[in-house]
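Worksheet: one structure, shown below.
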Amino acid sequence: KAIDALAARQPLSGDVAFMRGYALMRLHRDAEAIAAFDQAISLDPQNTVALAHRGLARSGMGDAAQGLADVEAALAIVGENPAALACKG
C-alpha cells in the first residue's frame with residue numbers, strides 16, 4: 001500500500017513502477033508485478049532491472065520461455081551483468 005500511495009502522490013517514474021512491481025512480486029502477486037514491471041519498462045525501455053525481474057515473475061507464473069526472453073533482453077542491453085545473469089539461473 002505504501003508504494004501505491006507513493007505512486008499516487010508523484011508523477012510515476014520507472015523507478016517507482018519497478019519498486020511497486022518488486023514489492024508485489026515479493027507478495028507473490030506475480031500478475032500485478034508483471035503489470036508494474038511493464039509500466040516501468042514502458043517509461044524506461046533500458047530498465048534492465050525491471051526486465052530481469054519481469055522475467056522472474058513470468059517464470060514464477062509458469063511462463064519460463066517468456067521469463068528467459070526477458071532476462072536475455074536485459075543481458076543484451078547490459079552485457080554480462082552479474083545481477084541479470086543470476087536471474088537467468
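Residue numbering restarts at 1 for every chain of the C-alpha cells, chains are lettered A, B, ... in their displayed order, and ligands are numbered from 1 as they appear.
Residues lying within 10 Å of Met25 in chain A, counting only C-alpha atoms and ignoring same-chain neighbours fewer than 3 positions away, are Met19, Arg20, Gly21, Tyr22, His28, Arg29, Asp30, Ala31, Glu32, Ala33, Ile34, Ala36, Phe37, His53, Arg54, Leu56, Ala57 and Gly60 of chain A.
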Can you spit out the residues from that selection as a PDB file, in the first residue's frame, using N, CA and C atoms?
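Result file selection24.pdb:
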ATOM      1  N   MET A  19       9.745  -0.425  -8.190  1.00  0.00           N
ATOM      2  CA  MET A  19       9.622  -0.731  -6.754  1.00  0.00           C
ATOM      3  C   MET A  19       8.266  -1.354  -6.445  1.00  0.00           C
ATOM      4  N   ARG A  20       7.231  -0.856  -7.096  1.00  0.00           N
ATOM      5  CA  ARG A  20       5.896  -1.423  -6.900  1.00  0.00           C
ATOM      6  C   ARG A  20       5.872  -2.871  -7.389  1.00  0.00           C
ATOM      7  N   GLY A  21       6.442  -3.112  -8.561  1.00  0.00           N
ATOM      8  CA  GLY A  21       6.493  -4.470  -9.085  1.00  0.00           C
ATOM      9  C   GLY A  21       7.277  -5.411  -8.192  1.00  0.00           C
ATOM     10  N   TYR A  22       8.395  -4.912  -7.681  1.00  0.00           N
ATOM     11  CA  TYR A  22       9.226  -5.746  -6.800  1.00  0.00           C
ATOM     12  C   TYR A  22       8.458  -6.107  -5.527  1.00  0.00           C
ATOM     13  N   HIS A  28       4.044 -12.413  -3.799  1.00  0.00           N
ATOM     14  CA  HIS A  28       3.557 -13.496  -4.666  1.00  0.00           C
ATOM     15  C   HIS A  28       2.323 -13.082  -5.464  1.00  0.00           C
ATOM     16  N   ARG A  29       2.267 -11.799  -5.804  1.00  0.00           N
ATOM     17  CA  ARG A  29       1.196 -11.274  -6.649  1.00  0.00           C
ATOM     18  C   ARG A  29       1.812 -11.005  -8.023  1.00  0.00           C
ATOM     19  N   ASP A  30       2.232 -12.115  -8.649  1.00  0.00           N
ATOM     20  CA  ASP A  30       3.050 -12.029  -9.859  1.00  0.00           C
ATOM     21  C   ASP A  30       2.357 -11.346 -11.031  1.00  0.00           C
ATOM     22  N   ALA A  31       1.068 -11.573 -11.223  1.00  0.00           N
ATOM     23  CA  ALA A  31       0.374 -10.933 -12.351  1.00  0.00           C
ATOM     24  C   ALA A  31       0.392  -9.415 -12.196  1.00  0.00           C
ATOM     25  N   GLU A  32       0.159  -8.937 -10.984  1.00  0.00           N
ATOM     26  CA  GLU A  32       0.213  -7.496 -10.733  1.00  0.00           C
ATOM     27  C   GLU A  32       1.643  -6.973 -10.854  1.00  0.00           C
ATOM     28  N   ALA A  33       2.597  -7.777 -10.406  1.00  0.00           N
ATOM     29  CA  ALA A  33       4.008  -7.382 -10.508  1.00  0.00           C
ATOM     30  C   ALA A  33       4.402  -7.225 -11.974  1.00  0.00           C
ATOM     31  N   ILE A  34       3.966  -8.150 -12.811  1.00  0.00           N
ATOM     32  CA  ILE A  34       4.293  -8.075 -14.232  1.00  0.00           C
ATOM     33  C   ILE A  34       3.725  -6.789 -14.832  1.00  0.00           C
ATOM     34  N   ALA A  36       3.208  -3.978 -13.289  1.00  0.00           N
ATOM     35  CA  ALA A  36       4.032  -2.867 -12.809  1.00  0.00           C
ATOM     36  C   ALA A  36       5.377  -2.839 -13.540  1.00  0.00           C
ATOM     37  N   PHE A  37       5.978  -4.001 -13.747  1.00  0.00           N
ATOM     38  CA  PHE A  37       7.241  -4.050 -14.499  1.00  0.00           C
ATOM     39  C   PHE A  37       7.022  -3.598 -15.942  1.00  0.00           C
ATOM     40  N   HIS A  53      13.530  -8.685 -13.609  1.00  0.00           N
ATOM     41  CA  HIS A  53      12.552  -9.067 -12.592  1.00  0.00           C
ATOM     42  C   HIS A  53      11.216  -9.477 -13.214  1.00  0.00           C
ATOM     43  N   ARG A  54      10.843  -8.844 -14.325  1.00  0.00           N
ATOM     44  CA  ARG A  54       9.634  -9.294 -15.010  1.00  0.00           C
ATOM     45  C   ARG A  54       9.836 -10.745 -15.469  1.00  0.00           C
ATOM     46  N   LEU A  56      11.652 -12.984 -13.949  1.00  0.00           N
ATOM     47  CA  LEU A  56      11.472 -13.842 -12.769  1.00  0.00           C
ATOM     48  C   LEU A  56       9.993 -14.038 -12.452  1.00  0.00           C
ATOM     49  N   ALA A  57       9.224 -12.950 -12.525  1.00  0.00           N
ATOM     50  CA  ALA A  57       7.788 -13.053 -12.232  1.00  0.00           C
ATOM     51  C   ALA A  57       7.094 -13.942 -13.261  1.00  0.00           C
ATOM     52  N   GLY A  60       7.872 -17.411 -12.486  1.00  0.00           N
ATOM     53  CA  GLY A  60       7.115 -17.799 -11.309  1.00  0.00           C
ATOM     54  C   GLY A  60       5.671 -18.162 -11.619  1.00  0.00           C
TER      55      GLY A  60
END
Can you pull out the residues contacting Asp38 in chain A? Cut-off 10 Å, using only C-alpha atoms, and skip same-chain residues under 6 positions away; I want them as a list in words.
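The neighbour list is Gly14, Ala17, Phe18, Gly21, Glu32, Asp44, Pro45, Ala50, Leu51 and Arg54 of chain A.
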Excluding Ile77 in chain A and residues on its chain fewer than 6 positions from it, collect all residues at most 12 Å away from it, counting only C-alpha atoms, and give them as a list in words.
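Within the cut-off, the hits are Pro45, Gln46, Asn47, Thr48, Val49, Leu51, Ala52, Asp70, Val71 and Ala84 of chain A.
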Could those residues be written to a file, using C-alpha atoms, as a short mmCIF file (atom, residue, chain, number, x, y, z; two decimals), in the first residue's frame?
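Now in again-v2.cif:
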data_model
loop_
_atom_site.label_atom_id
_atom_site.label_comp_id
_atom_site.auth_asym_id
_atom_site.auth_seq_id
_atom_site.Cartn_x
_atom_site.Cartn_y
_atom_site.Cartn_z
CA PRO A 45 12.90 0.77 -22.12
CA GLN A 46 16.51 0.48 -20.93
CA ASN A 47 15.42 -0.53 -17.39
CA THR A 48 17.24 -3.84 -17.34
CA VAL A 49 16.43 -4.45 -13.69
CA LEU A 51 13.20 -6.55 -17.48
CA ALA A 52 15.07 -9.15 -15.43
CA ASP A 70 13.09 -11.03 -20.65
CA VAL A 71 16.34 -11.91 -18.89
CA ALA A 84 20.93 -10.25 -14.68
#
Suppose you want the space between CA of Ile41 in chain A and CA of Ala73 in chain A; what is it in Å?
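One can read the CA of Ile41 in chain A to CA of Ala73 in chain A distance as 11.7 Å.
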